[in-house]
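Colleague: Contents of data_14.cif (mmCIF, C-alpha atoms and all ligand atoms) are below:
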data_final
#
loop_
_atom_site.label_atom_id
_atom_site.label_comp_id
_atom_site.auth_asym_id
_atom_site.auth_seq_id
_atom_site.Cartn_x
_atom_site.Cartn_y
_atom_site.Cartn_z
CA MET A 1 5.03 -29.70 1.46
CA ALA A 2 4.24 -26.09 2.15
CA LYS A 3 0.62 -25.32 2.84
CA ILE A 4 -1.36 -22.08 2.75
CA LEU A 5 -3.54 -21.75 5.85
CA GLY A 6 -5.34 -18.58 4.91
CA GLY A 7 -5.24 -14.93 4.01
CA LEU A 8 -5.20 -11.81 6.14
CA THR A 9 -6.10 -8.39 4.83
CA THR A 10 -5.70 -5.00 6.40
CA SER A 11 -5.28 -1.35 5.57
CA HIS A 12 -1.74 -0.12 6.23
CA ILE A 13 -2.10 3.61 6.90
CA PRO A 14 1.00 5.39 8.32
CA ALA A 15 -1.11 7.00 11.07
CA VAL A 16 -1.78 3.49 12.41
CA GLY A 17 1.95 3.10 13.00
CA ASN A 18 1.92 6.27 15.10
CA ALA A 19 -1.19 5.16 17.00
CA ILE A 20 0.49 1.83 17.83
CA HIS A 21 3.64 3.67 18.89
CA ASN A 22 1.56 5.90 21.18
CA GLY A 23 -0.62 3.05 22.51
CA LEU A 24 -3.95 4.59 21.46
CA PHE A 25 -5.78 1.23 21.41
CA ASP A 26 -8.65 2.40 23.63
CA ASP A 27 -8.83 5.94 22.30
CA PRO A 28 -12.41 6.53 21.02
CA TYR A 29 -11.16 7.38 17.51
CA TRP A 30 -8.99 4.27 17.25
CA LYS A 31 -10.87 1.63 19.24
CA PRO A 32 -13.33 0.57 16.48
CA PHE A 33 -10.32 -0.01 14.24
CA PHE A 34 -8.04 -1.86 16.67
CA ASP A 35 -10.96 -4.01 17.87
CA GLY A 36 -10.87 -5.67 14.45
CA TYR A 37 -7.59 -7.46 15.20
CA PRO A 38 -7.78 -9.64 18.35
CA PRO A 39 -9.87 -12.40 16.65
CA ILE A 40 -7.23 -12.63 13.93
CA ARG A 41 -4.42 -12.73 16.51
CA ASP A 42 -6.21 -15.56 18.31
CA TRP A 43 -6.37 -17.51 15.06
CA LEU A 44 -2.66 -16.86 14.44
CA ASP A 45 -1.90 -17.98 18.00
CA GLU A 46 -3.71 -21.20 17.35
CA HIS A 47 -2.13 -21.94 13.97
CA LYS A 48 1.38 -20.41 14.38
CA PRO A 49 2.37 -19.95 10.73
CA ASP A 50 6.05 -20.30 9.78
CA LEU A 51 5.98 -17.81 6.94
CA ALA A 52 4.06 -14.68 6.01
CA ILE A 53 3.95 -13.63 2.37
CA ASN A 54 3.34 -9.91 2.74
CA ILE A 55 1.79 -8.45 -0.42
CA TYR A 56 1.91 -4.65 -0.19
CA ASN A 57 2.64 -1.70 -2.41
CA ASP A 58 5.75 0.39 -1.96
CA HIS A 59 5.06 4.12 -1.46
CA GLY A 60 8.32 5.57 -2.70
CA LEU A 61 10.85 4.07 -0.31
CA GLY A 62 12.04 0.83 -1.93
CA PHE A 63 11.45 1.98 -5.51
CA PHE A 64 11.52 5.25 -7.44
CA LEU A 65 10.20 6.20 -10.88
CA ASP A 66 13.66 5.66 -12.40
CA LYS A 67 12.96 1.91 -12.37
CA MET A 68 9.47 0.87 -11.41
CA PRO A 69 8.78 -2.87 -11.23
CA THR A 70 5.18 -3.92 -11.77
CA PHE A 71 5.67 -6.97 -9.54
CA ALA A 72 8.69 -7.29 -7.24
CA ILE A 73 9.57 -10.14 -4.88
CA GLY A 74 11.97 -9.82 -1.96
CA ALA A 75 14.80 -12.37 -1.83
CA ALA A 76 16.72 -10.98 1.11
CA HIS A 77 17.83 -12.46 4.45
CA GLU A 78 16.22 -9.53 6.21
CA TYR A 79 14.17 -6.44 5.47
CA ARG A 80 14.68 -3.07 7.09
CA ASN A 81 12.12 -0.36 7.67
CA GLU A 82 13.85 2.90 6.78
CA ASP A 83 12.97 6.57 7.13
CA GLU A 84 10.15 7.40 4.71
CA GLY A 85 10.54 11.14 5.03
CA TRP A 86 9.11 11.97 8.41
CA GLY A 87 11.56 10.15 10.70
CA ILE A 88 10.60 6.88 12.37
CA PRO A 89 11.75 4.93 15.40
CA GLN A 90 14.49 2.59 14.24
CA LEU A 91 13.26 -1.02 14.21
CA PRO A 92 15.33 -4.19 14.13
CA PRO A 93 15.12 -6.00 10.77
CA PHE A 94 12.36 -8.43 9.77
CA PRO A 95 13.84 -11.86 9.01
CA GLY A 96 13.34 -13.13 5.45
CA ALA A 97 13.27 -16.59 3.91
CA PRO A 98 15.47 -16.26 0.82
CA GLU A 99 15.47 -19.97 -0.05
CA VAL A 100 11.66 -19.87 -0.28
CA SER A 101 11.83 -16.55 -2.16
CA TRP A 102 13.99 -18.09 -4.86
CA HIS A 103 11.71 -21.07 -5.16
CA ILE A 104 8.76 -18.70 -5.65
CA ILE A 105 10.70 -16.57 -8.14
CA GLU A 106 11.67 -19.67 -10.18
CA SER A 107 8.11 -20.90 -10.18
CA MET A 108 6.53 -17.53 -11.03
CA VAL A 109 8.81 -16.99 -14.02
CA GLU A 110 8.17 -20.54 -15.19
CA GLN A 111 4.47 -19.69 -15.04
CA GLU A 112 5.28 -16.63 -17.18
CA PHE A 113 5.05 -13.96 -14.49
CA ASP A 114 8.24 -12.06 -15.23
CA ILE A 115 8.92 -10.48 -11.89
CA THR A 116 11.74 -8.36 -10.42
CA SER A 117 13.83 -10.06 -7.73
CA CYS A 118 15.20 -7.93 -4.87
CA GLN A 119 18.14 -9.03 -2.74
CA GLU A 120 17.87 -5.73 -0.91
CA LEU A 121 14.58 -4.02 -0.26
CA ALA A 122 13.75 -1.29 2.25
CA VAL A 123 10.17 -1.85 3.39
CA ASP A 124 7.80 0.98 4.27
CA HIS A 125 4.61 1.30 6.33
CA GLY A 126 2.77 -0.82 3.75
CA PHE A 127 4.74 -3.84 4.95
CA VAL A 128 5.48 -2.90 8.56
CA VAL A 129 2.10 -1.68 9.88
CA PRO A 130 0.32 -4.97 9.01
CA MET A 131 3.08 -6.99 10.70
CA GLN A 132 2.62 -4.88 13.84
CA LEU A 133 -1.16 -5.21 13.73
CA PHE A 134 -1.11 -8.99 13.41
CA TRP A 135 1.95 -9.64 15.63
CA PRO A 136 2.00 -6.89 18.27
CA GLY A 137 5.51 -5.75 19.06
CA ALA A 138 6.82 -6.94 15.67
CA PRO A 139 9.57 -7.47 14.82
CA GLY A 140 10.16 -8.18 18.53
CA ASN A 141 7.29 -10.69 18.78
CA SER A 142 8.70 -14.23 19.10
CA ASP A 143 5.67 -15.70 17.28
CA MET A 144 6.22 -13.47 14.28
CA PRO A 145 7.01 -15.69 11.29
CA ARG A 146 9.68 -15.02 8.71
CA SER A 147 8.35 -12.96 5.84
CA ILE A 148 8.67 -12.39 2.12
CA PRO A 149 7.56 -9.01 0.79
CA ILE A 150 5.88 -8.83 -2.60
CA SER A 151 5.20 -5.35 -3.94
CA ALA A 152 2.97 -4.36 -6.84
CA ASN A 153 3.11 -0.97 -8.51
CA THR A 154 0.25 1.39 -7.70
CA VAL A 155 2.39 4.54 -7.82
CA GLN A 156 2.36 5.06 -11.57
CA HIS A 157 -0.09 4.01 -14.28
CA PRO A 158 -0.29 1.64 -16.04
CA ILE A 159 -0.92 -0.45 -12.93
CA PRO A 160 -1.82 -4.16 -13.23
CA THR A 161 -5.41 -5.08 -14.02
CA LEU A 162 -7.56 -6.70 -11.34
CA LYS A 163 -7.57 -9.89 -13.38
CA ARG A 164 -3.79 -9.92 -13.56
CA ALA A 165 -3.58 -9.39 -9.82
CA LEU A 166 -5.90 -12.34 -9.16
CA ASP A 167 -3.98 -14.48 -11.65
CA PHE A 168 -0.71 -13.53 -9.96
CA GLY A 169 -2.14 -14.88 -6.72
CA LYS A 170 -3.20 -18.12 -8.39
CA ALA A 171 0.33 -18.63 -9.73
CA LEU A 172 1.72 -17.75 -6.30
CA ARG A 173 -0.42 -20.51 -4.79
CA ARG A 174 1.09 -23.07 -7.16
CA ALA A 175 4.57 -21.73 -6.38
CA ILE A 176 4.10 -22.03 -2.61
CA GLU A 177 2.41 -25.41 -2.70
CA SER A 178 5.26 -26.87 -4.73
CA TYR A 179 7.82 -25.94 -2.08
CA PRO A 180 9.15 -29.30 -0.84
CA GLU A 181 9.51 -28.56 2.90
CA ASP A 182 6.72 -28.48 5.46
CA LEU A 183 5.81 -24.86 6.01
CA LYS A 184 2.63 -23.26 7.25
CA VAL A 185 2.05 -20.11 5.23
CA VAL A 186 -0.27 -17.11 5.57
CA VAL A 187 -0.69 -14.58 2.80
CA LEU A 188 -1.22 -10.92 3.66
CA GLY A 189 -2.95 -8.48 1.32
CA THR A 190 -2.42 -4.95 2.59
CA GLY A 191 -3.62 -1.51 1.56
CA GLY A 192 -6.86 0.22 0.71
CA LEU A 193 -9.67 0.36 0.99
CA SER A 194 -11.15 3.47 -0.65
CA HIS A 195 -9.14 6.66 -0.29
CA GLN A 196 -7.82 9.56 -2.28
CA LEU A 197 -5.11 11.89 -1.02
CA ASP A 198 -4.62 14.10 -4.06
CA GLY A 199 -6.61 16.61 -6.06
CA GLU A 200 -9.84 18.47 -5.46
CA ARG A 201 -11.42 15.08 -4.80
CA ALA A 202 -9.12 14.48 -1.79
CA GLY A 203 -11.00 12.88 1.08
CA PHE A 204 -13.13 10.70 -1.20
CA ILE A 205 -14.27 7.50 0.57
CA ASN A 206 -16.81 5.04 -0.87
CA LYS A 207 -18.36 2.83 1.78
CA GLU A 208 -20.77 1.09 -0.57
CA PHE A 209 -18.02 0.08 -3.00
CA ASP A 210 -15.68 -1.07 -0.20
CA GLN A 211 -18.42 -3.27 1.23
CA TYR A 212 -19.16 -4.69 -2.23
CA CYS A 213 -15.47 -5.58 -2.66
CA MET A 214 -15.25 -7.16 0.81
CA GLU A 215 -18.31 -9.24 0.03
CA LYS A 216 -17.33 -10.38 -3.47
CA ILE A 217 -13.73 -11.19 -2.62
CA VAL A 218 -14.85 -14.06 -0.41
CA ASP A 219 -16.86 -16.21 -2.83
CA ASP A 220 -16.74 -14.52 -6.21
CA PRO A 221 -13.42 -12.71 -6.78
CA GLU A 222 -13.81 -13.34 -10.52
CA ALA A 223 -16.67 -10.80 -10.54
CA LEU A 224 -14.21 -8.15 -9.37
CA THR A 225 -11.97 -8.76 -12.39
CA LYS A 226 -14.68 -7.10 -14.51
CA ILE A 227 -13.82 -3.76 -12.89
CA SER A 228 -11.53 -1.73 -15.15
CA ARG A 229 -8.61 0.15 -13.68
CA MET A 230 -10.14 3.54 -14.38
CA GLU A 231 -13.37 2.37 -12.80
CA LEU A 232 -11.33 1.34 -9.76
CA VAL A 233 -9.80 4.84 -9.57
CA GLU A 234 -13.25 6.36 -9.90
CA LYS A 235 -14.98 4.15 -7.33
CA ALA A 236 -12.20 3.48 -4.82
CA GLY A 237 -10.29 6.75 -5.18
CA ALA A 238 -6.85 7.33 -6.68
CA GLN A 239 -5.07 5.38 -3.91
CA GLY A 240 -7.92 2.88 -3.51
CA THR A 241 -6.16 1.03 -6.34
CA GLU A 242 -4.24 -0.65 -3.50
CA PHE A 243 -7.13 -3.10 -3.51
CA LEU A 244 -5.04 -4.94 -6.11
CA MET A 245 -3.04 -6.39 -3.17
CA TRP A 246 -6.23 -7.94 -1.81
CA MET A 247 -6.87 -9.52 -5.21
CA MET A 248 -3.35 -10.97 -5.30
CA MET A 249 -3.82 -12.38 -1.81
CA ARG A 250 -7.21 -13.85 -2.71
CA GLY A 251 -5.83 -15.64 -5.77
CA ALA A 252 -3.37 -17.47 -3.54
CA LEU A 253 -6.12 -18.96 -1.36
CA GLY A 254 -7.71 -21.31 -3.90
CA ASP A 255 -11.33 -21.55 -4.98
CA LYS A 256 -13.08 -21.93 -1.66
CA VAL A 257 -12.46 -19.99 1.52
CA VAL A 258 -14.32 -19.42 4.76
CA ARG A 259 -14.57 -15.91 6.14
CA ARG A 260 -13.55 -16.22 9.80
CA HIS A 261 -13.55 -12.54 10.62
CA SER A 262 -14.25 -9.17 9.06
CA ASN A 263 -14.19 -5.56 10.23
CA TYR A 264 -14.75 -2.26 8.45
CA HIS A 265 -14.45 1.23 9.85
CA ILE A 266 -14.55 4.81 8.51
CA PRO A 267 -12.46 6.87 8.77
CA ILE A 268 -8.93 6.03 9.77
CA SER A 269 -6.93 9.00 8.60
CA ASN A 270 -8.36 9.57 5.06
CA THR A 271 -9.27 5.93 4.47
CA GLY A 272 -12.02 3.34 4.67
CA ALA A 273 -10.23 0.70 6.75
CA GLY A 274 -10.99 -2.99 6.14
CA THR A 275 -9.70 -6.13 7.83
CA MET A 276 -10.47 -9.76 7.04
CA LEU A 277 -9.42 -13.28 7.87
CA LEU A 278 -10.13 -15.84 5.15
CA GLU A 279 -9.32 -19.46 5.90
CA CYS A 280 -8.49 -21.91 3.13
CA VAL A 281 -10.70 -24.95 2.67
CA GLU A 282 -8.94 -28.22 1.85
CA MET B 1 -4.44 -5.53 -30.16
CA ASP B 2 -6.29 -2.46 -28.99
CA ILE B 3 -4.84 -0.78 -25.98
CA THR B 4 -8.18 0.00 -24.46
CA GLU B 5 -7.07 2.07 -21.53
CA PHE B 6 -4.12 3.94 -22.94
CA ASP B 7 -5.76 7.30 -22.35
CA HIS B 8 -5.64 7.33 -18.59
CA HIS B 9 -6.86 10.94 -18.57
CA SER B 10 -10.46 9.88 -18.38
CA PRO B 11 -12.58 12.57 -16.81
CA ILE B 12 -12.79 11.73 -13.14
CA PRO B 13 -13.45 15.11 -11.55
CA GLY B 14 -10.75 16.42 -9.23
CA THR B 15 -8.44 13.53 -10.08
CA THR B 16 -5.17 13.51 -12.00
CA VAL B 17 -4.20 10.03 -13.09
CA PHE B 18 -0.43 9.76 -12.75
CA ASP B 19 0.62 8.06 -15.98
CA GLY B 20 3.60 8.24 -18.32
CA ARG B 21 2.75 11.76 -19.38
CA MET B 22 2.75 13.03 -15.81
CA ALA B 23 5.81 10.90 -14.98
CA MET B 24 7.80 12.66 -17.72
CA LYS B 25 6.56 16.08 -16.68
CA GLY B 26 7.25 15.66 -12.98
CA TYR B 27 10.45 13.63 -12.98
CA ALA B 28 12.78 16.27 -11.48
CA LEU B 29 10.25 17.30 -8.85
CA ASN B 30 9.49 13.72 -7.85
CA LYS B 31 13.18 12.86 -7.75
CA MET B 32 13.81 15.72 -5.37
CA CYS B 33 10.89 14.63 -3.17
CA TYR B 34 12.15 11.04 -3.19
CA SER B 35 15.47 12.30 -1.82
CA PHE B 36 13.58 13.59 1.24
CA ASN B 37 13.44 10.02 2.56
CA GLY B 38 16.82 10.94 4.01
CA ALA B 39 17.02 13.28 7.02
CA GLU B 40 20.16 14.97 5.68
CA ALA B 41 18.42 15.84 2.43
CA ARG B 42 15.53 17.36 4.35
CA GLU B 43 17.94 19.52 6.34
CA GLU B 44 19.81 20.56 3.23
CA TYR B 45 16.55 21.60 1.57
CA LEU B 46 15.41 23.63 4.55
CA ALA B 47 18.78 25.37 4.81
CA ASP B 48 18.61 26.58 1.19
CA PRO B 49 15.52 25.53 -0.79
CA GLU B 50 16.50 27.46 -3.93
CA ALA B 51 19.89 25.80 -4.19
CA TYR B 52 18.39 22.39 -3.54
CA MET B 53 15.70 22.83 -6.21
CA GLU B 54 18.34 24.02 -8.67
CA LYS B 55 20.44 20.92 -7.95
CA PHE B 56 17.56 18.71 -9.07
CA GLY B 57 16.75 20.88 -12.09
CA LEU B 58 13.19 21.86 -11.21
CA ASN B 59 11.47 24.15 -13.71
CA ASP B 60 9.98 27.50 -12.70
CA GLU B 61 6.46 26.13 -12.28
CA GLN B 62 7.72 23.41 -9.95
CA LYS B 63 9.90 25.81 -7.97
CA GLN B 64 7.04 28.26 -7.45
CA ALA B 65 4.68 25.47 -6.36
CA CYS B 66 7.30 24.37 -3.80
CA ARG B 67 7.79 27.91 -2.52
CA ASP B 68 4.01 28.26 -2.15
CA LYS B 69 3.64 24.74 -0.66
CA ASN B 70 0.64 24.54 -2.99
CA VAL B 71 -0.31 20.89 -3.42
CA LEU B 72 -2.68 21.33 -6.38
CA ALA B 73 0.04 23.32 -8.19
CA LEU B 74 2.60 20.63 -7.33
CA ILE B 75 0.31 17.98 -8.84
CA ALA B 76 -0.29 20.09 -11.96
CA ALA B 77 3.50 20.42 -12.30
CA GLY B 78 3.81 16.62 -12.43
CA GLY B 79 4.15 15.80 -8.74
CA ASN B 80 3.07 12.34 -7.59
CA ILE B 81 1.28 12.27 -4.25
CA TYR B 82 3.39 9.43 -2.84
CA TYR B 83 6.53 11.58 -3.22
CA LEU B 84 4.79 14.86 -2.45
CA ALA B 85 3.84 13.35 0.93
CA LYS B 86 7.55 13.45 1.78
CA PHE B 87 7.73 17.12 0.78
CA ALA B 88 4.70 17.80 2.99
CA GLY B 89 6.39 15.91 5.81
CA ILE B 90 9.23 18.46 5.87
CA TYR B 91 6.68 21.04 6.98
CA ARG B 92 4.92 18.57 9.31
CA LEU B 93 1.80 18.65 7.13
CA ASP B 94 -0.22 15.44 7.39
CA VAL B 95 -2.73 14.04 4.87
CA GLN B 96 -5.60 15.94 6.49
CA ASP B 97 -3.67 19.20 6.22
CA ILE B 98 -3.05 18.67 2.52
CA GLY B 99 -6.59 17.38 2.00
CA ALA B 100 -7.98 20.53 3.59
CA GLN B 101 -5.68 22.70 1.51
CA GLN B 102 -6.67 21.05 -1.77
CA THR B 103 -10.39 21.19 -1.08
CA GLY B 104 -10.34 24.72 0.35
CA MET B 105 -11.70 23.58 3.70
CA THR B 106 -10.54 24.03 7.26
CA LYS B 107 -8.83 20.95 8.67
CA GLU B 108 -11.73 20.45 11.11
CA ASP B 109 -14.29 20.57 8.29
CA PHE B 110 -12.22 18.19 6.21
CA LYS B 111 -12.04 15.69 9.08
CA GLU B 112 -15.78 16.01 9.54
CA LYS B 113 -16.28 15.22 5.84
CA LEU B 114 -14.18 12.05 6.31
CA ARG B 115 -16.18 11.07 9.36
CA LYS B 116 -19.47 11.60 7.52
CA ALA B 117 -18.39 9.13 4.82
CA GLY B 118 -19.02 6.46 7.45
CA ASP B 119 -22.69 7.36 7.98
FE FE C 1 -0.90 2.64 0.99
#
Hey, can you dump this file as structure tokens for me?
Ligand SMILES: [Fe+2]
Modeller:
Amino acid sequence: MAKILGGLTTSHIPAVGNAIHNGLFDDPYWKPFFDGYPPIRDWLDEHKPDLAINIYNDHGLGFFLDKMPTFAIGAAHEYRNEDEGWGIPQLPPFPGAPEVSWHIIESMVEQEFDITSCQELAVDHGFVVPMQLFWPGAPGNSDMPRSIPISANTVQHPIPTLKRALDFGKALRRAIESYPEDLKVVVLGTGGLSHQLDGERAGFINKEFDQYCMEKIVDDPEALTKISRMELVEKAGAQGTEFLMWMMMRGALGDKVVRRHSNYHIPISNTGAGTMLLECVE
Amino acid sequence: MDITEFDHHSPIPGTTVFDGRMAMKGYALNKMCYSFNGAEAREEYLADPEAYMEKFGLNDEQKQACRDKNVLALIAAGGNIYYLAKFAGIYRLDVQDIGAQQTGMTKEDFKEKLRKAGD
């Protein structure tokens, strides 16, 4: 049976992609951020997962406002990173796991999460940057597992509630654990933490709130479901709503987890950048 | 049931919540910006911005905001920041450039404000 080993969270800022491309790992601005990753890579080296469920939010590459799925699940053989508007180095595709995707889709709908299935999905920095942070050189890293992207809408309100995001993760856990083949799975929650790009409040970052969220998500994610969506916009910033991905990830890890690693740094680009490794407890 | 959060325009200062109302208002503008994912579209826009805006049916407010590269005006005209980022990319403006523009700061001061959030 498939088994979830743990959850990995990270911010997924486009500037990180450029910094990786330019090898700025020891640059004084970037070092406190990149130093958050080697302990997680060591853990991945030790456990060698077969599959990464990558929960991110599309930023206007895979989806437009003409049809905006609240929850979308990739069901493709491979996923390509395409030009998001500023030109990017062309990457080889990221291999998918469509047979697992369809199992998850079947199970989610049976559990009354009516999701959108995607047999083609261009993936943006929200998906790619975390893969490159956790598996350097991705998709060219031979340890990089196959992946399934799951995207939740944070582009346009109404966005899902924090409770719905956590519940989605709980259903996802049941879906993965019912997959009949032996598979070691990690679940990524990418995005956030606090940031706001638009309006007179641009540049808003809330360290205290980010640290509260990083604390509560370990042992008491239910407490975070009390936060309303407008409160999330107010406290985390307009794009800090990406924290929903962390909630979805957390739901998939079961009741008890152990925090193996955590890092938080301000600022990376306009964002409070958080990274965590949460290991599932049997 | 009560739809408790239907009015997304709750007063968070300096923040426009992009909901259905804004989505209707900004559709043409956002659709044009979405097209800028493609390099050919970006070139076509730069070659003749007026013709390109006309093709997507932008209204006068949206056209003027594009001509001025004025981010606050683009948002007021219904622009969504995720798509506007692609418009900004055409002019090589990054998120600190547009942050500085919207807050009326120099880019250096804006970056300092971000850094101070970590103290
Ligand atoms: Fe993002």
Colleague: Against chain B, which residues of chain A fall within 7 Å? For each one I want the closest pair of atoms and the distance in Å (one decimal), counting only C-alpha atoms, rows by chain and increasing residue number, as a tab-separated table.
Modeller:
residue	atom	partner	partner_atom	distance
A:His59	CA	B:Tyr82	CA	5.7
A:Gly60	CA	B:Tyr82	CA	6.3
A:Asp83	CA	B:Asn37	CA	5.7
A:Glu84	CA	B:Asn37	CA	4.7
A:Gly85	CA	B:Asn37	CA	4.0
A:Trp86	CA	B:Gly89	CA	5.4
A:Gln156	CA	B:Phe18	CA	5.6
A:His157	CA	B:Asp19	CA	4.4
A:Pro158	CA	B:Asp19	CA	6.5
A:Leu197	CA	B:Gly99	CA	6.4
A:Asp198	CA	B:Ile81	CA	6.2
A:Gly199	CA	B:Gly14	CA	5.2
A:Glu200	CA	B:Gly14	CA	4.4
A:Arg201	CA	B:Gly14	CA	4.7
A:Ala202	CA	B:Gly99	CA	5.4
A:Gly203	CA	B:Leu114	CA	6.2
A:Ile205	CA	B:Ala117	CA	6.1
A:Lys207	CA	B:Gly118	CA	6.8
A:Glu234	CA	B:Ile12	CA	6.3
A:Ile266	CA	B:Gly118	CA	4.9
A:Pro267	CA	B:Arg115	CA	5.6
A:Asn270	CA	B:Leu114	CA	6.4
Colleague: Filtering to C-alpha atoms, could you give me those residues as a short mmCIF file (atom, residue, chain, number, x, y, z; two decimals), in the coordinates of the input?
Modeller:
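selection_20.cif written:
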data_model
loop_
_atom_site.label_atom_id
_atom_site.label_comp_id
_atom_site.auth_asym_id
_atom_site.auth_seq_id
_atom_site.Cartn_x
_atom_site.Cartn_y
_atom_site.Cartn_z
CA HIS A 59 5.06 4.12 -1.46
CA GLY A 60 8.32 5.57 -2.70
CA ASP A 83 12.97 6.57 7.13
CA GLU A 84 10.15 7.40 4.71
CA GLY A 85 10.54 11.14 5.03
CA TRP A 86 9.11 11.97 8.41
CA GLN A 156 2.36 5.06 -11.57
CA HIS A 157 -0.09 4.01 -14.28
CA PRO A 158 -0.29 1.64 -16.04
CA LEU A 197 -5.11 11.89 -1.02
CA ASP A 198 -4.62 14.10 -4.06
CA GLY A 199 -6.61 16.61 -6.06
CA GLU A 200 -9.84 18.47 -5.46
CA ARG A 201 -11.42 15.08 -4.80
CA ALA A 202 -9.12 14.48 -1.79
CA GLY A 203 -11.00 12.88 1.08
CA ILE A 205 -14.27 7.50 0.57
CA LYS A 207 -18.36 2.83 1.78
CA GLU A 234 -13.25 6.36 -9.90
CA ILE A 266 -14.55 4.81 8.51
CA PRO A 267 -12.46 6.87 8.77
CA ASN A 270 -8.36 9.57 5.06
#
Colleague: Separation of CA of His47 (chain A) and CA of Tyr79 (chain A), in Å?
Modeller: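 Interatomic distance here is 24.0 Å.
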Colleague: Could you pull out every residue with an atom within 12 Å of (-9.7, -11.6, -16.2), file coordinates, counting only C-alpha atoms, and send them as an MDAnalysis selection string?
Modeller: chainID A and resid 160:168 221:228 247 251
Colleague: What does the list of residues within 10 Å of ligand FE 1 (chain C) look like if you count all atoms listed in the file, written as a PyMOL selection string?
Modeller: (chain A and resi 11-14+56-59+124-127+154-155+190-193+195+239-243+271) or (chain B and resi 82)
Colleague: Tell me which of A:Gln119, A:Gly87, A:Ser147, A:Gly96 sits closest to Glu40 (chain B), counting all atoms listed in the file.
Modeller: A:Gly87
Colleague: How big is the axis-aligned box around the listed atoms of region 114-117 of chain A once 4 Å is added on each side, and where is its centre? Give both in Å to one decimal, as AutoDock Vina command-line options.
Modeller:
--center_x 11.0 --center_y -10.2 --center_z -11.5 --size_x 13.6 --size_y 11.7 --size_z 15.5
Colleague: Would you list the contacts of Leu29 (chain B) as a list of chain:residue names, taking every protein, DNA or RNA residue within 7 Å and counting all atoms listed in the file, but skipping same-chain residues closer than 6 positions in sequence?
Modeller: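 Counting only the stated atoms, we get B:Leu58, B:Gln62, B:Gly79.
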Colleague: Could the residues in this selection be written to a file with C-alpha atoms, as a short mmCIF file (atom, residue, chain, number, x, y, z; two decimals), in the frame of the given file?
Modeller:
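As written to disk, again.cif reads:
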data_model
loop_
_atom_site.label_atom_id
_atom_site.label_comp_id
_atom_site.auth_asym_id
_atom_site.auth_seq_id
_atom_site.Cartn_x
_atom_site.Cartn_y
_atom_site.Cartn_z
CA LEU B 58 13.19 21.86 -11.21
CA GLN B 62 7.72 23.41 -9.95
CA GLY B 79 4.15 15.80 -8.74
#
Colleague: Could you check how far CA of Ser178 (chain A) sits from CA of Thr116 (chain A), in Å to one decimal?
Modeller: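 These two atoms are separated by 20.4 Å.
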Colleague: How far is it from CA of Met32 (chain B) to CA of Met68 (chain A), in Å with one decimal?
Modeller: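 Rounded to one decimal, the two atoms are 16.6 Å apart.
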Colleague: When distances are computed from only C-alpha atoms, which of A:Gly274, A:Val281, A:Ser269, A:Ile55 shows the smallest separation from Asp97 (chain B)?
Modeller: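 Between A:Gly274, A:Val281, A:Ser269, A:Ile55, the residue approaching Asp97 (chain B) most closely is A:Ser269.
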Colleague: Of the residues A:Asp219, A:Asp143, A:Glu99, A:Glu279, which is the one nearest to Ile4 (chain A), using only C-alpha atoms?
Modeller: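 Nearest to Ile4 (chain A): A:Glu279.
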Colleague: Using all atoms listed in the file, which of the listed residues (A:Pro145, A:Gly272, A:Pro38, A:Gly74) sits closest to Gln196 (chain A)?
Modeller: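 The shortest atom-to-atom distance to Gln196 (chain A) comes from A:Gly272.
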Colleague: Would you please work out which residue, of A:Asn54, A:Thr70, A:Gln132, A:Ser107, is nearest to Arg146 (chain A) when using only C-alpha atoms?
Modeller: A:Asn54
Colleague: Is it possible to produce a file of region 67-89 of chain B from this structure, with C-alpha atoms, as a short mmCIF file (atom, residue, chain, number, x, y, z; two decimals), in the first residue's frame?
Modeller:
data_model
loop_
_atom_site.label_atom_id
_atom_site.label_comp_id
_atom_site.auth_asym_id
_atom_site.auth_seq_id
_atom_site.Cartn_x
_atom_site.Cartn_y
_atom_site.Cartn_z
CA ARG B 67 -0.13 53.64 -21.56
CA ASP B 68 0.85 55.15 -18.20
CA LYS B 69 2.11 51.79 -16.84
CA ASN B 70 0.27 52.85 -13.69
CA VAL B 71 -0.28 49.78 -11.52
CA LEU B 72 -2.80 51.33 -9.10
CA ALA B 73 -4.86 52.53 -12.09
CA LEU B 74 -4.60 49.07 -13.67
CA ILE B 75 -5.93 47.51 -10.46
CA ALA B 76 -8.76 50.06 -10.23
CA ALA B 77 -9.65 49.18 -13.84
CA GLY B 78 -10.10 45.53 -12.83
CA GLY B 79 -6.58 44.20 -13.32
CA ASN B 80 -5.54 41.17 -11.28
CA ILE B 81 -1.98 41.29 -9.99
CA TYR B 82 -1.12 37.76 -11.17
CA TYR B 83 -1.82 38.81 -14.78
CA LEU B 84 -0.55 42.36 -14.36
CA ALA B 85 2.81 40.85 -13.37
CA LYS B 86 3.09 39.64 -16.97
CA PHE B 87 2.35 43.14 -18.26
CA ALA B 88 5.03 44.50 -15.93
CA GLY B 89 7.42 41.83 -17.21
#
